[in-house]
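Peer 1: One file is attached below, final09.cif, containing mmCIF, C-alpha atoms and all ligand atoms.
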```cif
data_start
loop_
_atom_site.group_PDB
_atom_site.id
_atom_site.type_symbol
_atom_site.label_atom_id
_atom_site.label_comp_id
_atom_site.auth_asym_id
_atom_site.auth_seq_id
_atom_site.Cartn_x
_atom_site.Cartn_y
_atom_site.Cartn_z
ATOM 1 C CA MET Z 1 -29.792 -189.849 -24.321
ATOM 2 C CA GLN Z 2 -28.276 -187.741 -27.066
ATOM 3 C CA VAL Z 3 -28.665 -183.970 -26.884
ATOM 4 C CA TYR Z 4 -28.545 -181.932 -30.103
ATOM 5 C CA LYS Z 5 -28.474 -178.172 -30.376
ATOM 6 C CA THR Z 6 -28.185 -177.695 -34.112
ATOM 7 C CA VAL Z 7 -30.412 -178.603 -37.030
ATOM 8 C CA ASP Z 8 -27.495 -180.077 -38.979
ATOM 9 C CA SER Z 9 -26.443 -182.462 -36.212
ATOM 10 C CA ILE Z 10 -29.921 -183.783 -35.416
ATOM 11 C CA SER Z 11 -30.813 -184.037 -39.109
ATOM 12 C CA SER Z 12 -27.926 -186.368 -39.816
ATOM 13 C CA GLU Z 13 -28.889 -188.599 -36.862
ATOM 14 C CA ILE Z 14 -32.546 -188.653 -37.955
ATOM 15 C CA GLY Z 15 -31.434 -189.532 -41.497
ATOM 16 C CA LYS Z 16 -29.583 -192.593 -40.152
ATOM 17 C CA LEU Z 17 -32.551 -193.717 -38.053
ATOM 18 C CA ARG Z 18 -34.910 -193.340 -40.992
ATOM 19 C CA GLN Z 19 -32.576 -195.390 -43.182
ATOM 20 C CA GLN Z 20 -32.645 -198.159 -40.565
ATOM 21 C CA GLY Z 21 -36.450 -198.115 -40.841
ATOM 22 C CA LYS Z 22 -36.968 -196.905 -37.246
ATOM 23 C CA SER Z 23 -40.254 -195.248 -36.318
ATOM 24 C CA ILE Z 24 -39.892 -191.873 -34.595
ATOM 25 C CA GLY Z 25 -42.253 -190.598 -31.898
ATOM 26 C CA PHE Z 26 -41.969 -186.843 -31.394
ATOM 27 C CA VAL Z 27 -43.034 -184.672 -28.454
ATOM 28 C CA PRO Z 28 -42.614 -180.920 -29.002
ATOM 29 C CA THR Z 29 -42.449 -178.898 -25.758
ATOM 30 C CA MET Z 30 -41.486 -175.488 -24.452
ATOM 31 C CA GLY Z 31 -39.744 -177.035 -21.436
ATOM 32 C CA ALA Z 32 -40.365 -176.515 -17.706
ATOM 33 C CA LEU Z 33 -41.355 -180.159 -17.926
ATOM 34 C CA HIS Z 34 -43.981 -181.720 -15.654
ATOM 35 C CA ASP Z 35 -45.899 -184.994 -15.528
ATOM 36 C CA GLY Z 36 -48.187 -183.846 -18.365
ATOM 37 C CA HIS Z 37 -45.206 -183.719 -20.716
ATOM 38 C CA LEU Z 38 -43.866 -186.998 -19.317
ATOM 39 C CA SER Z 39 -47.160 -188.758 -20.070
ATOM 40 C CA LEU Z 40 -46.767 -187.771 -23.737
ATOM 41 C CA ILE Z 41 -43.240 -189.183 -23.713
ATOM 42 C CA ALA Z 42 -44.473 -192.441 -22.138
ATOM 43 C CA GLN Z 43 -47.052 -192.804 -24.902
ATOM 44 C CA ALA Z 44 -44.466 -192.019 -27.580
ATOM 45 C CA LYS Z 45 -42.167 -194.690 -26.115
ATOM 46 C CA GLN Z 46 -44.899 -197.294 -26.273
ATOM 47 C CA GLY Z 47 -45.640 -196.720 -29.937
ATOM 48 C CA ASN Z 48 -42.244 -196.039 -31.532
ATOM 49 C CA ASP Z 49 -38.645 -197.242 -31.800
ATOM 50 C CA VAL Z 50 -37.143 -193.856 -30.977
ATOM 51 C CA VAL Z 51 -38.469 -190.900 -28.966
ATOM 52 C CA VAL Z 52 -37.421 -187.341 -29.798
ATOM 53 C CA VAL Z 53 -38.372 -184.436 -27.504
ATOM 54 C CA SER Z 54 -37.753 -180.798 -28.386
ATOM 55 C CA VAL Z 55 -37.417 -178.053 -25.797
ATOM 56 C CA PHE Z 56 -37.835 -174.644 -27.419
ATOM 57 C CA VAL Z 57 -39.689 -171.570 -26.168
ATOM 58 C CA ASN Z 58 -41.051 -170.380 -29.489
ATOM 59 C CA PRO Z 59 -41.163 -166.568 -29.632
ATOM 60 C CA THR Z 60 -43.496 -166.419 -32.647
ATOM 61 C CA GLN Z 61 -46.425 -167.907 -30.704
ATOM 62 C CA PHE Z 62 -46.336 -165.349 -27.881
ATOM 63 C CA ASN Z 63 -48.658 -162.409 -28.436
ATOM 64 C CA ASP Z 64 -47.639 -160.979 -25.052
ATOM 65 C CA LYS Z 65 -43.982 -159.949 -24.616
ATOM 66 C CA ASN Z 66 -44.155 -160.229 -20.815
ATOM 67 C CA ASP Z 67 -45.514 -163.767 -21.054
ATOM 68 C CA LEU Z 68 -42.531 -164.687 -23.246
ATOM 69 C CA LYS Z 69 -40.075 -162.980 -20.895
ATOM 70 C CA ASN Z 70 -41.532 -164.640 -17.773
ATOM 71 C CA TYR Z 71 -42.060 -168.091 -19.283
ATOM 72 C CA PRO Z 72 -40.227 -170.578 -16.992
ATOM 73 C CA ARG Z 73 -36.941 -171.875 -18.416
ATOM 74 C CA THR Z 74 -35.366 -174.868 -16.618
ATOM 75 C CA VAL Z 75 -33.300 -176.611 -19.296
ATOM 76 C CA GLU Z 76 -30.883 -178.460 -16.994
ATOM 77 C CA ALA Z 77 -33.695 -179.944 -14.898
ATOM 78 C CA ASP Z 78 -35.608 -180.714 -18.099
ATOM 79 C CA LEU Z 79 -32.723 -182.719 -19.539
ATOM 80 C CA LYS Z 80 -32.526 -184.777 -16.339
ATOM 81 C CA LYS Z 81 -36.250 -185.518 -16.494
ATOM 82 C CA LEU Z 82 -35.988 -186.474 -20.164
ATOM 83 C CA GLU Z 83 -33.136 -188.854 -19.461
ATOM 84 C CA GLN Z 84 -35.130 -190.488 -16.636
ATOM 85 C CA ALA Z 85 -38.229 -190.733 -18.825
ATOM 86 C CA GLY Z 86 -36.289 -192.738 -21.409
ATOM 87 C CA CYS Z 87 -36.185 -190.081 -24.110
ATOM 88 C CA ASN Z 88 -33.628 -191.078 -26.768
ATOM 89 C CA ILE Z 89 -32.965 -187.721 -28.395
ATOM 90 C CA ALA Z 90 -33.402 -184.244 -26.922
ATOM 91 C CA PHE Z 91 -33.405 -181.311 -29.329
ATOM 92 C CA VAL Z 92 -32.651 -177.979 -27.647
ATOM 93 C CA PRO Z 93 -32.147 -175.458 -30.430
ATOM 94 C CA THR Z 94 -31.530 -171.705 -30.269
ATOM 95 C CA GLU Z 95 -33.875 -169.272 -31.974
ATOM 96 C CA LYS Z 96 -31.365 -168.780 -34.824
ATOM 97 C CA GLU Z 97 -31.403 -172.533 -35.516
ATOM 98 C CA ILE Z 98 -35.160 -172.634 -35.871
ATOM 99 C CA TYR Z 99 -35.524 -169.271 -37.598
ATOM 100 C CA PRO Z 100 -32.326 -168.474 -39.544
ATOM 101 C CA GLU Z 101 -34.620 -166.034 -41.387
ATOM 102 C CA PRO Z 102 -37.849 -164.576 -39.995
ATOM 103 C CA ASP Z 103 -40.772 -166.918 -40.720
ATOM 104 C CA THR Z 104 -43.301 -164.917 -42.738
ATOM 105 C CA ARG Z 105 -45.685 -167.766 -43.531
ATOM 106 C CA VAL Z 106 -49.347 -167.072 -42.854
ATOM 107 C CA PHE Z 107 -51.674 -170.038 -42.305
ATOM 108 C CA ASP Z 108 -55.429 -170.066 -42.748
ATOM 109 C CA PHE Z 109 -57.240 -172.190 -40.170
ATOM 110 C CA GLY Z 110 -60.723 -170.761 -40.780
ATOM 111 C CA ASN Z 111 -62.968 -170.987 -37.728
ATOM 112 C CA LEU Z 112 -60.312 -172.847 -35.711
ATOM 113 C CA ASN Z 113 -58.323 -169.624 -35.446
ATOM 114 C CA LYS Z 114 -61.270 -167.281 -34.999
ATOM 115 C CA VAL Z 115 -62.565 -168.546 -31.653
ATOM 116 C CA MET Z 116 -61.291 -168.834 -28.062
ATOM 117 C CA GLU Z 117 -57.443 -168.865 -28.024
ATOM 118 C CA GLY Z 118 -57.380 -167.714 -31.663
ATOM 119 C CA LYS Z 119 -59.530 -164.700 -30.833
ATOM 120 C CA CYS Z 120 -57.846 -163.829 -27.520
ATOM 121 C CA ARG Z 121 -54.226 -164.440 -28.583
ATOM 122 C CA LYS Z 122 -53.798 -162.872 -32.012
ATOM 123 C CA GLY Z 123 -51.136 -164.644 -34.076
ATOM 124 C CA HIS Z 124 -50.689 -167.404 -31.493
ATOM 125 C CA PHE Z 125 -51.711 -170.336 -33.671
ATOM 126 C CA ASN Z 126 -49.879 -168.970 -36.689
ATOM 127 C CA GLY Z 127 -46.734 -169.056 -34.549
ATOM 128 C CA VAL Z 128 -47.560 -172.558 -33.314
ATOM 129 C CA ALA Z 129 -47.986 -173.749 -36.918
ATOM 130 C CA GLN Z 130 -44.705 -172.090 -37.918
ATOM 131 C CA VAL Z 131 -42.688 -173.806 -35.213
ATOM 132 C CA VAL Z 132 -44.406 -177.205 -35.368
ATOM 133 C CA SER Z 133 -44.130 -177.423 -39.176
ATOM 134 C CA ARG Z 134 -40.456 -176.434 -38.932
ATOM 135 C CA LEU Z 135 -39.834 -179.025 -36.187
ATOM 136 C CA PHE Z 136 -41.687 -181.686 -38.188
ATOM 137 C CA SER Z 137 -39.463 -181.015 -41.193
ATOM 138 C CA ILE Z 138 -36.345 -181.402 -39.005
ATOM 139 C CA VAL Z 139 -37.456 -184.455 -36.987
ATOM 140 C CA SER Z 140 -39.601 -186.179 -39.681
ATOM 141 C CA PRO Z 141 -41.652 -187.993 -37.042
ATOM 142 C CA THR Z 142 -43.791 -191.030 -37.736
ATOM 143 C CA ARG Z 143 -46.132 -189.906 -34.954
ATOM 144 C CA ALA Z 144 -46.345 -186.698 -32.911
ATOM 145 C CA TYR Z 145 -47.943 -186.456 -29.461
ATOM 146 C CA PHE Z 146 -49.966 -183.486 -28.199
ATOM 147 C CA GLY Z 147 -51.867 -182.957 -24.950
ATOM 148 C CA GLU Z 148 -55.619 -182.374 -24.906
ATOM 149 C CA LYS Z 149 -54.947 -179.689 -22.297
ATOM 150 C CA ASP Z 150 -54.350 -177.509 -25.367
ATOM 151 C CA PHE Z 151 -57.453 -178.796 -27.090
ATOM 152 C CA GLN Z 152 -57.709 -176.111 -29.763
ATOM 153 C CA GLN Z 153 -54.025 -176.529 -30.583
ATOM 154 C CA ILE Z 154 -54.599 -180.176 -31.560
ATOM 155 C CA CYS Z 155 -57.390 -179.140 -33.950
ATOM 156 C CA VAL Z 156 -55.077 -176.534 -35.499
ATOM 157 C CA ILE Z 157 -52.162 -178.973 -35.832
ATOM 158 C CA LYS Z 158 -54.396 -181.596 -37.464
ATOM 159 C CA SER Z 159 -55.577 -178.969 -39.930
ATOM 160 C CA MET Z 160 -51.984 -177.878 -40.653
ATOM 161 C CA VAL Z 161 -50.894 -181.484 -41.267
ATOM 162 C CA LYS Z 162 -53.791 -181.948 -43.686
ATOM 163 C CA GLN Z 163 -53.131 -178.673 -45.516
ATOM 164 C CA LEU Z 164 -49.410 -179.374 -45.928
ATOM 165 C CA GLY Z 165 -49.942 -183.088 -46.656
ATOM 166 C CA LEU Z 166 -47.408 -184.130 -44.011
ATOM 167 C CA PRO Z 167 -46.845 -187.872 -43.437
ATOM 168 C CA VAL Z 168 -47.212 -187.714 -39.655
ATOM 169 C CA GLU Z 169 -49.896 -189.160 -37.410
ATOM 170 C CA ILE Z 170 -51.143 -186.786 -34.694
ATOM 171 C CA ILE Z 171 -51.841 -188.577 -31.408
ATOM 172 C CA PRO Z 172 -53.939 -186.674 -28.820
ATOM 173 C CA CYS Z 173 -53.151 -187.537 -25.164
ATOM 174 C CA PRO Z 174 -55.393 -187.024 -22.101
ATOM 175 C CA ILE Z 175 -55.013 -184.094 -19.678
ATOM 176 C CA ILE Z 176 -52.833 -184.857 -16.659
ATOM 177 C CA ARG Z 177 -53.937 -183.098 -13.458
ATOM 178 C CA GLU Z 178 -52.491 -182.295 -10.048
ATOM 179 C CA THR Z 179 -54.017 -184.368 -7.232
ATOM 180 C CA ASP Z 180 -56.490 -181.556 -6.478
ATOM 181 C CA GLY Z 181 -57.598 -181.442 -10.124
ATOM 182 C CA LEU Z 182 -55.746 -178.399 -11.482
ATOM 183 C CA ALA Z 183 -54.540 -179.159 -15.018
ATOM 184 C CA MET Z 184 -50.750 -179.378 -15.012
ATOM 185 C CA SER Z 185 -49.101 -176.479 -16.798
ATOM 186 C CA SER Z 186 -45.641 -174.953 -16.883
ATOM 187 C CA ARG Z 187 -47.341 -171.673 -15.972
ATOM 188 C CA ASN Z 188 -48.574 -173.126 -12.636
ATOM 189 C CA ALA Z 189 -45.026 -172.560 -11.357
ATOM 190 C CA LEU Z 190 -45.641 -168.814 -11.682
ATOM 191 C CA LEU Z 191 -48.633 -168.814 -9.307
ATOM 192 C CA ASN Z 192 -48.109 -167.587 -5.737
ATOM 193 C CA PRO Z 193 -49.472 -169.850 -2.950
ATOM 194 C CA ASP Z 194 -52.803 -167.971 -2.691
ATOM 195 C CA GLN Z 195 -53.299 -167.991 -6.448
ATOM 196 C CA ARG Z 196 -52.426 -171.685 -6.596
ATOM 197 C CA LYS Z 197 -54.963 -172.491 -3.878
ATOM 198 C CA ASN Z 198 -57.715 -170.604 -5.670
ATOM 199 C CA ALA Z 199 -56.828 -171.839 -9.174
ATOM 200 C CA VAL Z 200 -58.211 -175.263 -8.248
ATOM 201 C CA GLN Z 201 -61.673 -173.758 -8.561
ATOM 202 C CA ILE Z 202 -61.294 -173.764 -12.352
ATOM 203 C CA SER Z 203 -61.197 -177.554 -12.699
ATOM 204 C CA GLN Z 204 -63.602 -178.083 -9.793
ATOM 205 C CA THR Z 205 -66.182 -175.914 -11.551
ATOM 206 C CA LEU Z 206 -65.688 -177.781 -14.834
ATOM 207 C CA PHE Z 207 -66.171 -181.159 -13.100
ATOM 208 C CA LYS Z 208 -69.322 -179.895 -11.388
ATOM 209 C CA ALA Z 209 -70.579 -178.453 -14.689
ATOM 210 C CA ARG Z 210 -70.305 -181.866 -16.291
ATOM 211 C CA GLU Z 211 -72.369 -183.388 -13.462
ATOM 212 C CA ILE Z 212 -75.187 -180.851 -13.640
ATOM 213 C CA ALA Z 213 -75.067 -180.125 -17.400
ATOM 214 C CA LEU Z 214 -78.395 -181.662 -18.341
ATOM 215 C CA ASN Z 215 -80.254 -179.633 -15.712
ATOM 216 C CA TYR Z 216 -79.421 -176.487 -17.670
ATOM 217 C CA SER Z 217 -79.555 -175.212 -21.237
ATOM 218 C CA VAL Z 218 -76.112 -174.880 -22.854
ATOM 219 C CA GLU Z 219 -76.332 -171.093 -22.582
ATOM 220 C CA ASP Z 220 -77.322 -171.182 -18.902
ATOM 221 C CA LEU Z 221 -74.593 -173.674 -18.050
ATOM 222 C CA LYS Z 222 -72.028 -171.358 -19.655
ATOM 223 C CA LYS Z 223 -73.337 -168.481 -17.540
ATOM 224 C CA TRP Z 224 -73.269 -170.655 -14.408
ATOM 225 C CA VAL Z 225 -69.628 -171.658 -14.961
ATOM 226 C CA MET Z 226 -68.499 -168.088 -15.570
ATOM 227 C CA ALA Z 227 -70.406 -166.762 -12.558
ATOM 228 C CA GLN Z 228 -69.007 -169.451 -10.246
ATOM 229 C CA ILE Z 229 -65.429 -168.730 -11.220
ATOM 230 C CA ASN Z 230 -65.735 -164.946 -11.419
ATOM 231 C CA ASP Z 231 -67.179 -164.993 -7.910
ATOM 232 C CA ASN Z 232 -63.675 -165.828 -6.699
ATOM 233 C CA PRO Z 233 -61.700 -162.547 -6.470
ATOM 234 C CA PHE Z 234 -58.499 -164.319 -7.553
ATOM 235 C CA LEU Z 235 -60.032 -165.492 -10.840
ATOM 236 C CA ASP Z 236 -61.213 -163.715 -13.970
ATOM 237 C CA VAL Z 237 -62.749 -165.746 -16.825
ATOM 238 C CA GLU Z 238 -61.627 -164.671 -20.291
ATOM 239 C CA TYR Z 239 -63.965 -167.078 -22.078
ATOM 240 C CA PHE Z 240 -65.882 -170.294 -21.527
ATOM 241 C CA GLU Z 241 -67.256 -171.892 -24.678
ATOM 242 C CA ILE Z 242 -68.966 -175.213 -25.331
ATOM 243 C CA VAL Z 243 -68.013 -176.339 -28.833
ATOM 244 C CA ASP Z 244 -67.825 -179.448 -31.017
ATOM 245 C CA ASP Z 245 -64.478 -181.252 -30.914
ATOM 246 C CA VAL Z 246 -63.570 -180.946 -34.609
ATOM 247 C CA GLU Z 247 -64.591 -177.561 -36.033
ATOM 248 C CA LEU Z 248 -64.945 -175.860 -32.624
ATOM 249 C CA MET Z 249 -68.339 -174.449 -33.606
ATOM 250 C CA PRO Z 250 -70.574 -173.400 -30.699
ATOM 251 C CA ILE Z 251 -73.040 -175.999 -29.420
ATOM 252 C CA ALA Z 252 -76.542 -174.557 -29.060
ATOM 253 C CA ASP Z 253 -78.317 -177.576 -27.636
ATOM 254 C CA TRP Z 254 -77.329 -180.737 -25.765
ATOM 255 C CA THR Z 255 -79.280 -182.851 -28.291
ATOM 256 C CA GLU Z 256 -76.808 -182.038 -31.102
ATOM 257 C CA LYS Z 257 -75.110 -185.217 -32.273
ATOM 258 C CA LYS Z 258 -71.563 -183.961 -31.873
ATOM 259 C CA ASN Z 259 -68.857 -184.547 -29.307
ATOM 260 C CA LYS Z 260 -68.941 -181.554 -26.986
ATOM 261 C CA VAL Z 261 -66.094 -179.929 -25.109
ATOM 262 C CA GLY Z 262 -66.141 -176.977 -22.741
ATOM 263 C CA CYS Z 263 -63.008 -174.828 -23.081
ATOM 264 C CA ILE Z 264 -62.016 -172.143 -20.614
ATOM 265 C CA ALA Z 265 -59.319 -169.488 -20.181
ATOM 266 C CA VAL Z 266 -58.934 -167.797 -16.807
ATOM 267 C CA LYS Z 267 -56.619 -165.040 -15.626
ATOM 268 C CA VAL Z 268 -55.183 -165.689 -12.179
ATOM 269 C CA GLY Z 269 -53.541 -162.329 -11.546
ATOM 270 C CA ALA Z 270 -51.181 -161.904 -14.496
ATOM 271 C CA ILE Z 271 -51.064 -165.653 -15.190
ATOM 272 C CA ARG Z 272 -53.379 -167.032 -17.849
ATOM 273 C CA LEU Z 273 -54.481 -170.663 -17.475
ATOM 274 C CA ILE Z 274 -56.541 -172.839 -19.817
ATOM 275 C CA ASP Z 275 -58.430 -176.057 -19.229
ATOM 276 C CA ASN Z 276 -61.258 -178.038 -20.817
ATOM 277 C CA ILE Z 277 -63.703 -180.840 -20.184
ATOM 278 C CA ARG Z 278 -65.590 -183.240 -22.420
ATOM 279 C CA PHE Z 279 -69.336 -183.377 -21.899
ATOM 280 C CA ASN Z 280 -70.239 -186.726 -23.330
ATOM 281 C CA SER Z 281 -68.040 -189.216 -21.574
HETATM 282 P P1 LIG O 301 -45.968 -176.888 -23.726
HETATM 283 O O1 LIG O 301 -44.598 -177.174 -23.218
HETATM 284 O O2 LIG O 301 -46.847 -176.185 -22.760
HETATM 285 O O3 LIG O 301 -45.953 -176.266 -25.114
HETATM 286 O O4 LIG O 301 -46.654 -178.307 -23.913
HETATM 287 C C1 LIG O 301 -46.058 -179.303 -24.693
HETATM 288 C C2 LIG O 301 -47.061 -180.408 -24.887
HETATM 289 O O5 LIG O 301 -47.438 -180.934 -23.623
HETATM 290 C C3 LIG O 301 -48.348 -179.921 -25.557
HETATM 291 O O6 LIG O 301 -48.800 -180.906 -26.487
HETATM 292 C C4 LIG O 301 -49.284 -179.795 -24.411
HETATM 293 O O7 LIG O 301 -50.643 -179.929 -24.766
HETATM 294 C C5 LIG O 301 -48.837 -180.940 -23.526
HETATM 295 N N1 LIG O 301 -49.293 -180.734 -22.162
HETATM 296 C C6 LIG O 301 -49.078 -179.637 -21.382
HETATM 297 N N2 LIG O 301 -49.711 -179.772 -20.190
HETATM 298 C C7 LIG O 301 -50.324 -180.977 -20.222
HETATM 299 C C8 LIG O 301 -51.148 -181.699 -19.310
HETATM 300 N N3 LIG O 301 -51.467 -181.204 -18.113
HETATM 301 N N4 LIG O 301 -51.607 -182.916 -19.674
HETATM 302 C C9 LIG O 301 -51.302 -183.429 -20.900
HETATM 303 N N5 LIG O 301 -50.544 -182.799 -21.806
HETATM 304 C C10 LIG O 301 -50.058 -181.594 -21.485
#
```
Let me see the file written as structure tokens.
Peer 2:
Amino acid sequence: MQVYKTVDSISSEIGKLRQQGKSIGFVPTMGALHDGHLSLIAQAKQGNDVVVVSVFVNPTQFNDKNDLKNYPRTVEADLKKLEQAGCNIAFVPTEKEIYPEPDTRVFDFGNLNKVMEGKCRKGHFNGVAQVVSRLFSIVSPTRAYFGEKDFQQICVIKSMVKQLGLPVEIIPCPIIRETDGLAMSSRNALLNPDQRKNAVQISQTLFKAREIALNYSVEDLKKWVMAQINDNPFLDVEYFEIVDDVELMPIADWTEKKNKVGCIAVKVGAIRLIDNIRFNS
């Protein structure tokens, strides 16, 4: 595996690969790698000649300074995992490499940025679009792989790709969970043992909600989910919304002919976790 730290060095390697007609599968990450990330890499390996993974904790997508400061950073362990996973090129840039000048671009994602994560984390998706568009221009991927754990993020990235007319295919990948059901996340490492034990109630409640959905109206099911989780003193629901899977508009009735997904954000102490579940499969 080759490891690049500068834009110039990786760009010249990518140029060569492109000239040889190689397809490039790209997995952008913020590191602290777990099996969720590795599943994206496995899918990228299957569909492309070369796999590039970036590890960069992007400051412009953090609306909370403490979250940025506390975000787990484990670069050495990450590089080992990448090597084992068969990654061909790791890109581990500094902030100056990605943002030689401050990025002042402002994106318009309409409703996609007005609900859920967009509403609760002001500027988050603008920062995501800044870094992903910058990484795409450096890596020029044929395909890029994103986890459905960050469901809203995929919708935003697809919209960005369309708006900028980028020649990259966005491939959504399923959520990978711990054996007890908790969605894998780099932030899980920040939970203390009691918080970790209780956090499992988030996914358990979502699974149960899918089972009992049709016994309730959409509105009542939302209330049920929030009440169940808020009943646990370790957990505090920030939002739970049931939306369509393209525009993320609220679903009013189960009979609507749209794919439906329930998205949740929960504070576990100071740690904020997200998860989601599809309602029609
Ligand atoms: P992050 O490092 O958290 O920015 O995540 C990098 C990529 O991995 C994003 O596309 C995430 O959606 C994806 N990802 C994170 N956790 C999971 C998971 N549990 N299952 C599948 N993909 C994930």
Peer 1: Please list as a PyMOL selection string every residue within 8 Å of Ser185 (chain Z), counting only C-alpha atoms and excluding residues in the same chain fewer than 4 positions away.
Peer 2: chain Z and resi 34+36+189+273
Peer 1: Residues at most 10 Å from Asn70 (chain Z), counting only C-alpha atoms, excluding those fewer than 3 positions away in the same chain, as a ChimeraX atom specification?
Peer 2: /Z:65-67,73,187,190,271
Peer 1: Can you tell me, as a list in words, what residues are no more than 9 Å from Leu248 (chain Z) when counting all atoms listed in the file, ignoring any on the same chain fewer than 4 positions away?
Peer 2: Asn111, Leu112, Val115, Gln152, Cys155, Ile242, Val243, Asp244, Lys260 and Val261 of chain Z
Peer 1: Taking the file as shown, find all residues satisfying the PyMOL selection byres (((not hetatm)) within 6 of (chain O and resi 301)) and write them as a list in words.
Peer 2: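 Answer for the PyMOL selection byres (((not hetatm)) within 6 of (chain O and resi 301)): Pro28, Thr29, Met30, Gly31, Gly36, His37, Phe146, Gly147, Glu148, Lys149, Asp150, Pro174, Ile175, Ile176, Arg177, Ala183, Met184 and Ser185 of chain Z.
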Peer 1: Write out as JSON lines a residue-level contact list of region 47-76 of chain Z versus region 83-105 of chain Z with cut-off 12 Å: for each qualifying residue the closest pair of atoms and the distance in Å to one decimal, counting all atoms listed in the file, rows sorted by chain and residue number upward.
Peer 2:
```
{"residue": "Z:Asn48", "atom": "CA", "partner": "Z:Asn88", "partner_atom": "CA", "distance": 11.0}
{"residue": "Z:Asp49", "atom": "CA", "partner": "Z:Asn88", "partner_atom": "CA", "distance": 9.4}
{"residue": "Z:Val50", "atom": "CA", "partner": "Z:Asn88", "partner_atom": "CA", "distance": 6.1}
{"residue": "Z:Val51", "atom": "CA", "partner": "Z:Asn88", "partner_atom": "CA", "distance": 5.3}
{"residue": "Z:Val52", "atom": "CA", "partner": "Z:Ile89", "partner_atom": "CA", "distance": 4.7}
{"residue": "Z:Val53", "atom": "CA", "partner": "Z:Ala90", "partner_atom": "CA", "distance": 5.0}
{"residue": "Z:Ser54", "atom": "CA", "partner": "Z:Phe91", "partner_atom": "CA", "distance": 4.5}
{"residue": "Z:Val55", "atom": "CA", "partner": "Z:Val92", "partner_atom": "CA", "distance": 5.1}
{"residue": "Z:Phe56", "atom": "CA", "partner": "Z:Val92", "partner_atom": "CA", "distance": 6.2}
{"residue": "Z:Val57", "atom": "CA", "partner": "Z:Glu95", "partner_atom": "CA", "distance": 8.5}
{"residue": "Z:Asn58", "atom": "CA", "partner": "Z:Glu95", "partner_atom": "CA", "distance": 7.7}
{"residue": "Z:Pro59", "atom": "CA", "partner": "Z:Glu95", "partner_atom": "CA", "distance": 8.1}
{"residue": "Z:Thr60", "atom": "CA", "partner": "Z:Asp103", "partner_atom": "CA", "distance": 8.5}
{"residue": "Z:Gln61", "atom": "CA", "partner": "Z:Asp103", "partner_atom": "CA", "distance": 11.5}
{"residue": "Z:Arg73", "atom": "CA", "partner": "Z:Val92", "partner_atom": "CA", "distance": 11.9}
{"residue": "Z:Thr74", "atom": "CA", "partner": "Z:Val92", "partner_atom": "CA", "distance": 11.8}
{"residue": "Z:Val75", "atom": "CA", "partner": "Z:Val92", "partner_atom": "CA", "distance": 8.5}
{"residue": "Z:Glu76", "atom": "CA", "partner": "Z:Val92", "partner_atom": "CA", "distance": 10.8}
```
Peer 1: Starting from the incomplete input, reconstruct N, CA, C and O atoms of region 265-273 of chain Z and write that as a PDB file, keeping the file's coordinate frame.
Peer 2:
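To be explicit, this is the file written out as part_36.pdb:
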```
ATOM      1  N   ALA Z 265     -60.574-170.204 -20.479  1.00  0.00           N
ATOM      2  CA  ALA Z 265     -59.319-169.488 -20.181  1.00  0.00           C
ATOM      3  C   ALA Z 265     -59.611-168.566 -19.013  1.00  0.00           C
ATOM      4  O   ALA Z 265     -60.639-167.878 -18.996  1.00  0.00           O
ATOM      5  N   VAL Z 266     -58.729-168.583 -18.026  1.00  0.00           N
ATOM      6  CA  VAL Z 266     -58.934-167.797 -16.807  1.00  0.00           C
ATOM      7  C   VAL Z 266     -57.648-167.058 -16.457  1.00  0.00           C
ATOM      8  O   VAL Z 266     -56.559-167.654 -16.481  1.00  0.00           O
ATOM      9  N   LYS Z 267     -57.782-165.782 -16.138  1.00  0.00           N
ATOM     10  CA  LYS Z 267     -56.619-165.040 -15.626  1.00  0.00           C
ATOM     11  C   LYS Z 267     -56.583-165.203 -14.110  1.00  0.00           C
ATOM     12  O   LYS Z 267     -57.588-164.975 -13.428  1.00  0.00           O
ATOM     13  N   VAL Z 268     -55.408-165.613 -13.625  1.00  0.00           N
ATOM     14  CA  VAL Z 268     -55.183-165.689 -12.179  1.00  0.00           C
ATOM     15  C   VAL Z 268     -54.101-164.642 -11.921  1.00  0.00           C
ATOM     16  O   VAL Z 268     -52.917-164.909 -12.154  1.00  0.00           O
ATOM     17  N   GLY Z 269     -54.495-163.441 -11.546  1.00  0.00           N
ATOM     18  CA  GLY Z 269     -53.541-162.329 -11.546  1.00  0.00           C
ATOM     19  C   GLY Z 269     -53.056-162.125 -12.976  1.00  0.00           C
ATOM     20  O   GLY Z 269     -53.862-162.049 -13.911  1.00  0.00           O
ATOM     21  N   ALA Z 270     -51.727-162.108 -13.145  1.00  0.00           N
ATOM     22  CA  ALA Z 270     -51.181-161.904 -14.496  1.00  0.00           C
ATOM     23  C   ALA Z 270     -51.024-163.223 -15.257  1.00  0.00           C
ATOM     24  O   ALA Z 270     -50.663-163.227 -16.428  1.00  0.00           O
ATOM     25  N   ILE Z 271     -51.299-164.339 -14.578  1.00  0.00           N
ATOM     26  CA  ILE Z 271     -51.064-165.653 -15.190  1.00  0.00           C
ATOM     27  C   ILE Z 271     -52.349-166.138 -15.856  1.00  0.00           C
ATOM     28  O   ILE Z 271     -53.414-166.134 -15.243  1.00  0.00           O
ATOM     29  N   ARG Z 272     -52.208-166.600 -17.095  1.00  0.00           N
ATOM     30  CA  ARG Z 272     -53.379-167.032 -17.849  1.00  0.00           C
ATOM     31  C   ARG Z 272     -53.350-168.560 -17.948  1.00  0.00           C
ATOM     32  O   ARG Z 272     -52.383-169.127 -18.439  1.00  0.00           O
ATOM     33  N   LEU Z 273     -54.423-169.199 -17.447  1.00  0.00           N
ATOM     34  CA  LEU Z 273     -54.481-170.663 -17.475  1.00  0.00           C
ATOM     35  C   LEU Z 273     -55.625-171.114 -18.386  1.00  0.00           C
ATOM     36  O   LEU Z 273     -56.659-170.438 -18.452  1.00  0.00           O
TER      37      LEU Z 273
END
```
